[in-house]
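S.K.: Handing over structure.cif, mmCIF, C-alpha atoms and all ligand atoms.
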```
data_structure
loop_
_atom_site.group_PDB
_atom_site.id
_atom_site.type_symbol
_atom_site.label_atom_id
_atom_site.label_comp_id
_atom_site.auth_asym_id
_atom_site.auth_seq_id
_atom_site.Cartn_x
_atom_site.Cartn_y
_atom_site.Cartn_z
ATOM 1 C CA MET A 1 -22.656 23.425 -26.267
ATOM 2 C CA CYS A 2 -24.816 22.198 -23.447
ATOM 3 C CA THR A 3 -26.241 25.700 -22.867
ATOM 4 C CA PHE A 4 -27.056 26.048 -26.562
ATOM 5 C CA PHE A 5 -28.946 22.745 -26.590
ATOM 6 C CA GLU A 6 -30.627 23.611 -23.301
ATOM 7 C CA GLY A 7 -31.953 26.910 -24.671
ATOM 8 C CA ALA A 8 -32.722 25.831 -28.214
ATOM 9 C CA GLY A 9 -33.951 22.419 -27.152
ATOM 10 C CA GLN A 10 -36.317 23.841 -24.595
ATOM 11 C CA PHE A 11 -37.749 26.145 -27.257
ATOM 12 C CA VAL A 12 -38.140 23.254 -29.671
ATOM 13 C CA SER A 13 -39.635 20.998 -27.020
ATOM 14 C CA ASN A 14 -42.092 23.661 -25.984
ATOM 15 C CA PHE A 15 -43.294 24.801 -29.405
ATOM 16 C CA TYR A 16 -42.123 23.183 -32.598
ATOM 17 C CA SER A 17 -42.601 19.592 -31.629
ATOM 18 C CA LEU A 18 -46.276 20.219 -30.960
ATOM 19 C CA PRO A 19 -47.864 18.185 -33.796
ATOM 20 C CA GLY A 20 -50.428 20.919 -34.563
ATOM 21 C CA ILE A 21 -47.679 23.426 -35.323
ATOM 22 C CA TRP A 22 -46.090 21.399 -38.064
ATOM 23 C CA VAL A 23 -49.435 20.438 -39.569
ATOM 24 C CA ILE A 24 -50.117 24.191 -39.884
ATOM 25 C CA PHE A 25 -46.613 24.643 -41.236
ATOM 26 C CA GLY A 26 -47.274 21.995 -43.882
ATOM 27 C CA ALA A 27 -50.639 23.556 -44.704
ATOM 28 C CA LEU A 28 -48.945 26.920 -45.222
ATOM 29 C CA GLN A 29 -46.890 25.246 -47.923
ATOM 30 C CA GLY A 30 -50.052 24.265 -49.741
ATOM 31 C CA GLY A 31 -50.429 20.915 -48.052
ATOM 32 C CA LYS A 32 -47.276 19.619 -49.693
ATOM 33 C CA VAL A 33 -44.468 18.105 -47.695
ATOM 34 C CA GLY A 34 -41.845 20.507 -48.868
ATOM 35 C CA LEU A 35 -38.099 20.268 -48.300
ATOM 36 C CA LEU A 36 -38.251 23.057 -45.731
ATOM 37 C CA HIS A 37 -40.954 21.190 -43.824
ATOM 38 C CA ILE A 38 -38.832 18.032 -43.715
ATOM 39 C CA PHE A 39 -35.760 20.041 -42.700
ATOM 40 C CA VAL A 40 -37.565 21.838 -39.858
ATOM 41 C CA THR A 41 -39.164 18.607 -38.622
ATOM 42 C CA PHE A 42 -35.869 16.717 -38.498
ATOM 43 C CA SER A 43 -34.107 19.690 -36.893
ATOM 44 C CA CYS A 44 -36.800 19.732 -34.219
ATOM 45 C CA ILE A 45 -36.440 16.016 -33.550
ATOM 46 C CA PHE A 46 -32.645 16.373 -33.333
ATOM 47 C CA MET A 47 -32.810 19.422 -31.044
ATOM 48 C CA ASP A 48 -35.351 17.702 -28.811
ATOM 49 C CA PHE A 49 -33.114 14.626 -28.568
ATOM 50 C CA ALA A 50 -29.983 16.738 -27.878
ATOM 51 C CA TYR A 51 -31.856 18.681 -25.216
ATOM 52 C CA LYS A 52 -32.920 15.518 -23.405
ATOM 53 C CA CYS A 53 -29.356 14.166 -23.589
ATOM 54 C CA SER A 54 -27.908 17.406 -22.215
ATOM 55 C CA MET A 55 -30.323 17.238 -19.278
ATOM 56 C CA ARG A 56 -29.230 13.728 -18.314
ATOM 57 C CA THR A 57 -26.596 13.456 -15.579
ATOM 58 C CA PRO A 58 -24.762 10.223 -14.898
ATOM 59 C CA PHE A 59 -24.552 10.996 -11.177
ATOM 60 C CA PRO A 60 -27.121 9.804 -8.638
ATOM 61 C CA LYS A 61 -29.942 12.088 -7.543
ATOM 62 C CA GLY A 62 -28.813 14.317 -4.698
ATOM 63 C CA PHE A 63 -25.181 14.450 -5.878
ATOM 64 C CA ILE A 64 -24.066 18.091 -5.894
ATOM 65 C CA TYR A 65 -20.749 19.200 -7.390
ATOM 66 C CA LYS A 66 -19.460 22.717 -6.700
ATOM 67 C CA PRO A 67 -16.241 23.245 -8.661
ATOM 68 C CA GLU A 68 -13.849 25.917 -7.283
ATOM 69 C CA TYR A 69 -16.135 26.672 -4.327
ATOM 70 C CA PHE A 70 -13.097 27.852 -2.338
ATOM 71 C CA ASP A 71 -10.736 30.337 -3.970
ATOM 72 C CA LYS A 72 -6.973 30.192 -3.340
ATOM 73 C CA ASN A 73 -7.184 32.237 -0.118
ATOM 74 C CA GLY A 74 -10.047 30.127 1.197
ATOM 75 C CA GLN A 75 -8.067 26.953 0.460
ATOM 76 C CA ILE A 76 -4.963 28.311 2.193
ATOM 77 C CA ALA A 77 -7.004 29.351 5.243
ATOM 78 C CA LEU A 78 -8.447 25.816 5.558
ATOM 79 C CA LEU A 79 -4.997 24.253 5.168
ATOM 80 C CA ASP A 80 -3.658 26.600 7.865
ATOM 81 C CA ALA A 81 -6.415 25.413 10.214
ATOM 82 C CA VAL A 82 -5.477 21.788 9.448
ATOM 83 C CA ALA A 83 -1.772 22.497 10.007
ATOM 84 C CA HIS A 84 -2.559 24.149 13.337
ATOM 85 C CA ALA A 85 -4.703 21.192 14.471
ATOM 86 C CA VAL A 86 -2.223 18.484 13.514
ATOM 87 C CA ARG A 87 0.749 20.344 15.054
ATOM 88 C CA GLY A 88 -1.212 20.561 18.325
ATOM 89 C CA ASP A 89 -3.589 18.129 20.052
ATOM 90 C CA ALA A 90 -4.728 16.235 16.967
ATOM 91 C CA PRO A 91 -1.718 14.895 15.013
ATOM 92 C CA PHE A 92 -2.312 12.712 11.946
ATOM 93 C CA TRP A 93 -2.401 9.060 12.928
ATOM 94 C CA GLN A 94 -2.492 5.850 10.934
ATOM 95 C CA PRO A 95 -5.946 4.229 11.263
ATOM 96 C CA THR A 96 -6.373 0.479 10.827
ATOM 97 C CA MET A 97 -9.161 -1.741 9.509
ATOM 98 C CA PRO A 98 -11.505 -3.532 11.876
ATOM 99 C CA ARG A 99 -10.550 -7.184 12.591
ATOM 100 C CA THR A 100 -7.575 -7.405 10.160
ATOM 101 C CA GLY A 101 -5.675 -4.421 11.560
ATOM 102 C CA GLN A 102 -4.623 -3.587 7.986
ATOM 103 C CA PRO A 103 -3.538 0.099 7.817
ATOM 104 C CA LEU A 104 -5.624 2.445 5.672
ATOM 105 C CA SER A 105 -3.610 4.186 2.976
ATOM 106 C CA VAL A 106 -4.638 7.636 4.244
ATOM 107 C CA VAL A 107 -3.669 9.140 7.588
ATOM 108 C CA MET A 108 -6.358 10.995 9.520
ATOM 109 C CA SER A 109 -7.378 13.541 12.097
ATOM 110 C CA ASN A 110 -10.644 15.351 12.916
ATOM 111 C CA PHE A 111 -12.207 18.680 13.835
ATOM 112 C CA GLY A 112 -15.378 19.033 15.888
ATOM 113 C CA PRO A 113 -17.065 17.542 18.938
ATOM 114 C CA LEU A 114 -16.861 14.037 17.398
ATOM 115 C CA GLY A 115 -14.157 12.391 15.316
ATOM 116 C CA TRP A 116 -14.346 9.288 13.097
ATOM 117 C CA VAL A 117 -11.796 6.643 14.072
ATOM 118 C CA THR A 118 -11.127 2.996 13.235
ATOM 119 C CA ASP A 119 -8.857 0.310 14.646
ATOM 120 C CA LYS A 120 -8.503 -3.471 14.792
ATOM 121 C CA ASP A 121 -10.393 -4.012 18.044
ATOM 122 C CA GLY A 122 -12.930 -1.172 18.156
ATOM 123 C CA GLY A 123 -13.875 -0.947 14.462
ATOM 124 C CA TYR A 124 -15.426 2.066 12.775
ATOM 125 C CA ARG A 125 -16.905 4.569 15.230
ATOM 126 C CA TYR A 126 -17.057 8.160 16.429
ATOM 127 C CA GLU A 127 -15.065 9.254 19.489
ATOM 128 C CA THR A 128 -14.852 12.525 21.381
ATOM 129 C CA ARG A 129 -11.061 12.165 21.839
ATOM 130 C CA HIS A 130 -7.991 11.584 19.685
ATOM 131 C CA PRO A 131 -6.972 7.884 19.870
ATOM 132 C CA LYS A 132 -3.275 8.682 20.484
ATOM 133 C CA THR A 133 -3.189 11.922 22.485
ATOM 134 C CA GLY A 134 -6.465 11.400 24.384
ATOM 135 C CA LYS A 135 -7.246 15.094 23.813
ATOM 136 C CA ILE A 136 -10.598 16.401 22.571
ATOM 137 C CA TRP A 137 -10.650 17.266 18.867
ATOM 138 C CA PRO A 138 -9.917 20.873 17.813
ATOM 139 C CA LEU A 139 -12.911 23.153 17.249
ATOM 140 C CA MET A 140 -14.557 23.093 13.842
ATOM 141 C CA PRO A 141 -13.290 26.140 11.871
ATOM 142 C CA GLN A 142 -16.002 28.729 11.170
ATOM 143 C CA ALA A 143 -15.477 28.362 7.390
ATOM 144 C CA LEU A 144 -16.663 24.736 7.685
ATOM 145 C CA LEU A 145 -19.777 25.710 9.638
ATOM 146 C CA ASP A 146 -20.446 28.359 6.996
ATOM 147 C CA ILE A 147 -20.163 25.996 4.035
ATOM 148 C CA TRP A 148 -22.528 23.558 5.765
ATOM 149 C CA ASP A 149 -25.100 26.352 6.128
ATOM 150 C CA ASP A 150 -24.573 27.463 2.569
ATOM 151 C CA LEU A 151 -24.780 24.098 0.821
ATOM 152 C CA THR A 152 -27.154 22.050 2.957
ATOM 153 C CA ASP A 153 -30.590 22.688 4.388
ATOM 154 C CA ASP A 154 -29.763 20.728 7.525
ATOM 155 C CA PRO A 155 -30.919 22.815 10.503
ATOM 156 C CA ALA A 156 -28.165 21.549 12.842
ATOM 157 C CA PRO A 157 -24.409 22.035 12.450
ATOM 158 C CA PRO A 158 -22.021 19.222 11.450
ATOM 159 C CA GLU A 159 -20.615 17.304 14.432
ATOM 160 C CA ALA A 160 -17.551 15.785 12.784
ATOM 161 C CA CYS A 161 -15.038 16.836 10.178
ATOM 162 C CA LEU A 162 -12.784 13.973 9.150
ATOM 163 C CA ILE A 163 -9.415 15.143 7.822
ATOM 164 C CA ASN A 164 -7.957 12.633 5.328
ATOM 165 C CA TRP A 165 -4.406 13.170 4.076
ATOM 166 C CA TYR A 166 -3.738 11.343 0.805
ATOM 167 C CA ARG A 167 -0.018 10.913 0.227
ATOM 168 C CA GLU A 168 1.617 9.342 -2.842
ATOM 169 C CA GLY A 169 -0.294 6.166 -3.756
ATOM 170 C CA SER A 170 -3.124 6.742 -1.248
ATOM 171 C CA ARG A 171 -6.639 5.838 -2.275
ATOM 172 C CA MET A 172 -9.971 5.103 -0.635
ATOM 173 C CA GLY A 173 -12.012 2.002 -1.446
ATOM 174 C CA MET A 174 -15.677 2.158 -2.414
ATOM 175 C CA HIS A 175 -17.851 2.486 0.684
ATOM 176 C CA VAL A 176 -21.057 4.036 2.038
ATOM 177 C CA ASP A 177 -20.858 6.173 5.190
ATOM 178 C CA LEU A 178 -22.997 4.204 7.640
ATOM 179 C CA ASP A 179 -21.442 4.811 11.057
ATOM 180 C CA GLU A 180 -23.694 7.781 11.793
ATOM 181 C CA HIS A 181 -26.979 7.419 13.694
ATOM 182 C CA ASP A 182 -28.515 9.820 11.208
ATOM 183 C CA VAL A 183 -27.569 8.285 7.861
ATOM 184 C CA ASN A 184 -29.836 10.693 5.994
ATOM 185 C CA ALA A 185 -28.075 13.911 6.985
ATOM 186 C CA PRO A 186 -25.999 15.333 4.135
ATOM 187 C CA ILE A 187 -22.243 14.922 3.749
ATOM 188 C CA VAL A 188 -20.066 17.787 2.525
ATOM 189 C CA SER A 189 -16.631 16.900 1.166
ATOM 190 C CA ILE A 190 -13.909 19.466 0.386
ATOM 191 C CA SER A 191 -10.811 18.809 -1.754
ATOM 192 C CA LEU A 192 -7.513 20.637 -1.168
ATOM 193 C CA GLY A 193 -4.145 20.152 -2.896
ATOM 194 C CA ASP A 194 -3.496 17.459 -5.506
ATOM 195 C CA PRO A 195 -6.405 16.479 -7.762
ATOM 196 C CA ALA A 196 -8.002 13.070 -7.319
ATOM 197 C CA ARG A 197 -10.327 10.810 -9.273
ATOM 198 C CA TYR A 198 -13.530 10.443 -7.246
ATOM 199 C CA ARG A 199 -15.867 7.579 -8.114
ATOM 200 C CA ILE A 200 -19.514 7.103 -7.260
ATOM 201 C CA GLY A 201 -21.837 4.193 -8.032
ATOM 202 C CA GLY A 202 -25.250 3.116 -6.850
ATOM 203 C CA THR A 203 -26.753 2.070 -3.546
ATOM 204 C CA ALA A 204 -25.599 -1.544 -4.047
ATOM 205 C CA ARG A 205 -21.975 -2.623 -4.243
ATOM 206 C CA GLY A 206 -20.757 -3.257 -7.806
ATOM 207 C CA GLY A 207 -22.604 -2.081 -10.920
ATOM 208 C CA THR A 208 -22.006 1.029 -12.967
ATOM 209 C CA THR A 209 -19.898 3.808 -11.486
ATOM 210 C CA HIS A 210 -19.033 7.299 -12.704
ATOM 211 C CA SER A 211 -15.904 9.284 -12.005
ATOM 212 C CA LEU A 212 -15.067 12.931 -11.602
ATOM 213 C CA LYS A 213 -11.679 14.618 -11.263
ATOM 214 C CA LEU A 214 -11.781 16.749 -8.114
ATOM 215 C CA SER A 215 -9.381 19.687 -7.901
ATOM 216 C CA SER A 216 -8.326 21.913 -5.047
ATOM 217 C CA GLY A 217 -11.222 24.057 -3.816
ATOM 218 C CA ASP A 218 -13.912 21.747 -5.270
ATOM 219 C CA VAL A 219 -16.757 20.594 -3.041
ATOM 220 C CA VAL A 220 -19.069 17.616 -3.332
ATOM 221 C CA VAL A 221 -22.321 17.265 -1.356
ATOM 222 C CA LEU A 222 -24.083 13.928 -0.942
ATOM 223 C CA THR A 223 -27.774 14.277 -0.168
ATOM 224 C CA GLY A 224 -30.875 12.174 -0.821
ATOM 225 C CA GLU A 225 -30.169 9.027 -2.834
ATOM 226 C CA ALA A 226 -26.488 9.951 -3.345
ATOM 227 C CA ARG A 227 -26.008 9.884 0.445
ATOM 228 C CA HIS A 228 -26.565 6.100 0.288
ATOM 229 C CA CYS A 229 -24.339 5.428 -2.734
ATOM 230 C CA TYR A 230 -20.962 3.696 -2.821
ATOM 231 C CA HIS A 231 -18.138 6.143 -3.421
ATOM 232 C CA GLY A 232 -14.359 6.283 -3.125
ATOM 233 C CA VAL A 233 -11.156 7.753 -4.501
ATOM 234 C CA ASP A 234 -9.301 5.502 -6.910
ATOM 235 C CA LYS A 235 -6.451 7.730 -8.056
ATOM 236 C CA LEU A 236 -4.415 10.590 -6.655
ATOM 237 C CA PHE A 237 -2.650 12.825 -9.204
ATOM 238 C CA TYR A 238 0.288 13.177 -6.910
ATOM 239 C CA GLY A 239 2.585 16.206 -7.293
ATOM 240 C CA GLN A 240 0.216 18.312 -9.439
ATOM 241 C CA SER A 241 -0.349 20.928 -6.719
ATOM 242 C CA THR A 242 2.054 22.656 -4.358
ATOM 243 C CA LEU A 243 -0.656 23.815 -1.973
ATOM 244 C CA VAL A 244 -0.243 21.144 0.706
ATOM 245 C CA PRO A 245 3.172 21.887 2.264
ATOM 246 C CA LYS A 246 4.233 18.225 2.493
ATOM 247 C CA GLY A 247 2.492 17.276 -0.767
ATOM 248 C CA GLY A 248 -0.603 15.268 -1.571
ATOM 249 C CA ARG A 249 -4.273 15.949 -0.994
ATOM 250 C CA ILE A 250 -6.279 16.909 2.073
ATOM 251 C CA ASN A 251 -9.945 15.977 2.092
ATOM 252 C CA LEU A 252 -12.307 17.413 4.693
ATOM 253 C CA THR A 253 -15.529 15.458 5.140
ATOM 254 C CA LEU A 254 -18.282 17.084 7.212
ATOM 255 C CA ARG A 255 -20.939 14.888 8.767
ATOM 256 C CA ARG A 256 -23.732 14.956 11.287
ATOM 257 C CA VAL A 257 -23.619 11.898 13.511
ATOM 258 C CA ASN A 258 -26.675 12.143 15.771
ATOM 259 C CA HIS A 259 -30.299 12.854 15.001
ATOM 260 C CA ILE A 260 -31.281 16.412 15.739
ATOM 261 C CA PRO A 261 -32.768 16.367 19.270
ATOM 262 C CA LYS A 262 -36.537 16.999 19.297
ATOM 263 C CA THR A 263 -37.442 20.191 21.166
HETATM 264 O O1 LIG A 301 -11.537 11.931 -0.224
HETATM 265 C C1 LIG A 301 -12.662 12.023 -0.695
HETATM 266 O O2 LIG A 301 -12.953 12.790 -1.607
HETATM 267 C C2 LIG A 301 -13.771 11.113 -0.167
HETATM 268 C C3 LIG A 301 -13.633 10.822 1.295
HETATM 269 C C4 LIG A 301 -14.668 9.880 1.798
HETATM 270 O O3 LIG A 301 -15.432 9.326 1.056
HETATM 271 C C5 LIG A 301 -14.752 9.586 3.235
HETATM 272 O O4 LIG A 301 -13.944 10.069 4.026
HETATM 273 O O5 LIG A 301 -15.681 8.826 3.611
#
```
Could you write out this structure as structure tokens?
Ligand SMILES: O=C(O)CCC(=O)C(=O)O

M.R.:
Amino acid sequence: MCTFFEGAGQFVSNFYSLPGIWVIFGALQGGKVGLLHIFVTFSCIFMDFAYKCSMRTPFPKGFIYKPEYFDKNGQIALLDAVAHAVRGDAPFWQPTMPRTGQPLSVVMSNFGPLGWVTDKDGGYRYETRHPKTGKIWPLMPQALLDIWDDLTDDPAPPEACLINWYREGSRMGMHVDLDEHDVNAPIVSISLGDPARYRIGGTARGGTTHSLKLSSGDVVVLTGEARHCYHGVDKLFYGQSTLVPKGGRINLTLRRVNHIPKT
């Protein structure tokens, strides 16, 4: 439908809605406003309107959605890398909110030179070591470096990959990622396992939001204005996928933390 309106609408917008064309068209009918003339004119107006509607996206500028970016094998390979990391030096741990110490509903781990952590006393921050084992984070899998190169034009590689595991009932409140020194670098977010309802609003808290059901293998990139927009996950469709061995959804969020050093 959308493609039809895009094609036809573009044609209409480019040619038929030019006033001169339908004056000529009218003249060809002997200067009379014939039924055909009225029909063509209204069709043009409708097609032009439908075209403009089809071009409108409710998502902020810089929001990129890549459905099924990873095929089944790609998804399994990423989940294997996660399983390997969390069985070794970087087990999932239960992060807590700054000040209140309230546990987040997701459990977390990280890949890369830096890992995002949060706890009651230290708050939101990046650390080079796992808060429980004290070990450095596992290396970023090559597939994550590759997707960063493919989907962003950032010249430097991501420094952190947060691994969120959503279990039954887990969600993530609306927030903007602001703990990075470079808050303009893109964010790449990969969904694996159960689908989830992702929500994104504007740059201010509250106001209109739009949602999108993310399925396993889907990727979202936040660049430009979207990088500064509130977003979160308000529903997990628990049990709809068997891909994650212990159930639920794994989200991998790639970020740059530091500004690219000037050479
Ligand atoms: O799970 C998701 O899709 C979003 C994750 C997210 O927004 C975050 O980790 O900051």

S.K.: Which residues sit within 6 Å of ligand LIG 301 (chain A), counting all atoms listed in the file, listed as a list in words?

M.R.: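 Sorted by chain and then by number, the residues are Gly232, Val233, Asn251 and Thr253 of chain A.
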
S.K.: For stretch 57-60 of chain A, find every residue with an atom within 7 Å (counting only C-alpha atoms), except residues of its own chain fewer than 4 positions away, and show them as a ChimeraX atom specification.

M.R.: /A:210,225-226

S.K.: Can those selected residues be exported to a file as a compact mmCIF listing (two decimals), keeping the file's coordinate frame so that it contains C-alpha atoms?

M.R.:
```txt
# COMPACT_ATOMS: atom_id res chain seq x y z
CA HIS A 210 -19.03 7.30 -12.70
CA GLU A 225 -30.17 9.03 -2.83
CA ALA A 226 -26.49 9.95 -3.34
```

S.K.: Rounded to one decimal in Å, what is the spacing between atom CA of A:Tyr198 and atom CA of A:Leu222?

M.R.: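 For atom CA of A:Tyr198 relative to atom CA of A:Leu222, the distance reads 12.8 Å.
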
S.K.: Residues at most 8 Å from A:Gly202, counting all atoms listed in the file, excluding those fewer than 6 positions away in the same chain, as a ChimeraX atom specification?

M.R.: /A:60,208-209,226,228-230

S.K.: For those residues, write C-alpha atoms to a file as a compact mmCIF listing (two decimals), in the coordinates of the input.

M.R.:
```
# COMPACT_ATOMS: atom_id res chain seq x y z
CA PRO A 60 -27.12 9.80 -8.64
CA THR A 208 -22.01 1.03 -12.97
CA THR A 209 -19.90 3.81 -11.49
CA ALA A 226 -26.49 9.95 -3.34
CA HIS A 228 -26.56 6.10 0.29
CA CYS A 229 -24.34 5.43 -2.73
CA TYR A 230 -20.96 3.70 -2.82
```

S.K.: Neighbours of A:Ala185 within 8 Å (only C-alpha atoms; same-chain residues fewer than 5 positions away dropped), as a PDB file with C-alpha atoms, in the coordinates of the input?

M.R.:
```pdb
ATOM      1  CA  ASP A 154     -29.763  20.728   7.525  1.00  0.00           C
ATOM      2  CA  THR A 223     -27.774  14.277  -0.168  1.00  0.00           C
ATOM      3  CA  ARG A 227     -26.008   9.884   0.445  1.00  0.00           C
ATOM      4  CA  ARG A 255     -20.939  14.888   8.767  1.00  0.00           C
ATOM      5  CA  ARG A 256     -23.732  14.956  11.287  1.00  0.00           C
TER       6      ARG A 256
END
```

S.K.: Determine, counting all atoms listed in the file, which protein, DNA and RNA residues have an atom within 12 Å of an atom of A:Thr100; residues of the same chain fewer than 3 positions away are not included. Present the result as a short mmCIF file (atom, residue, chain, number, x, y, z; two decimals) with C-alpha atoms, in the frame of the given file.

M.R.:
```cif
data_model
loop_
_atom_site.label_atom_id
_atom_site.label_comp_id
_atom_site.auth_asym_id
_atom_site.auth_seq_id
_atom_site.Cartn_x
_atom_site.Cartn_y
_atom_site.Cartn_z
CA PRO A 95 -5.95 4.23 11.26
CA THR A 96 -6.37 0.48 10.83
CA MET A 97 -9.16 -1.74 9.51
CA PRO A 103 -3.54 0.10 7.82
CA LEU A 104 -5.62 2.44 5.67
CA THR A 118 -11.13 3.00 13.24
CA ASP A 119 -8.86 0.31 14.65
CA LYS A 120 -8.50 -3.47 14.79
CA ASP A 121 -10.39 -4.01 18.04
CA GLY A 122 -12.93 -1.17 18.16
CA GLY A 123 -13.88 -0.95 14.46
#
```

S.K.: With the file shown as input, list the residues that the PyMOL selection byres (((chain A and resi 166) around 10) and not hetatm) selects, as number ranges by chain.

M.R.: A: 105-108, 163-165, 167-172, 193-194, 196, 233, 235-236, 238, 247-251

S.K.: I'd like to know which of A:Leu144, A:Ile136, A:Val219, A:Ala160 is closest to A:Leu78, using all atoms listed in the file.

M.R.: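 Using all atoms listed in the file, the shortest distance to A:Leu78 belongs to A:Leu144.
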
S.K.: Would you translate the PyMOL selection byres (((chain A and resi 254) around 7) and not hetatm) into the concrete set of residues it matches in this file, as a list in words?

M.R.: Pro158, Ala160, Cys161, Leu162, Ile187, Val188, Ser189, Leu252, Thr253 and Arg255 of chain A

S.K.: Hey, can you check how far atom CA of A:Asp218 sits from atom CA of A:Ile64?

M.R.: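 If I compute the distance from atom CA of A:Asp218 to atom CA of A:Ile64, I get 10.8 Å.
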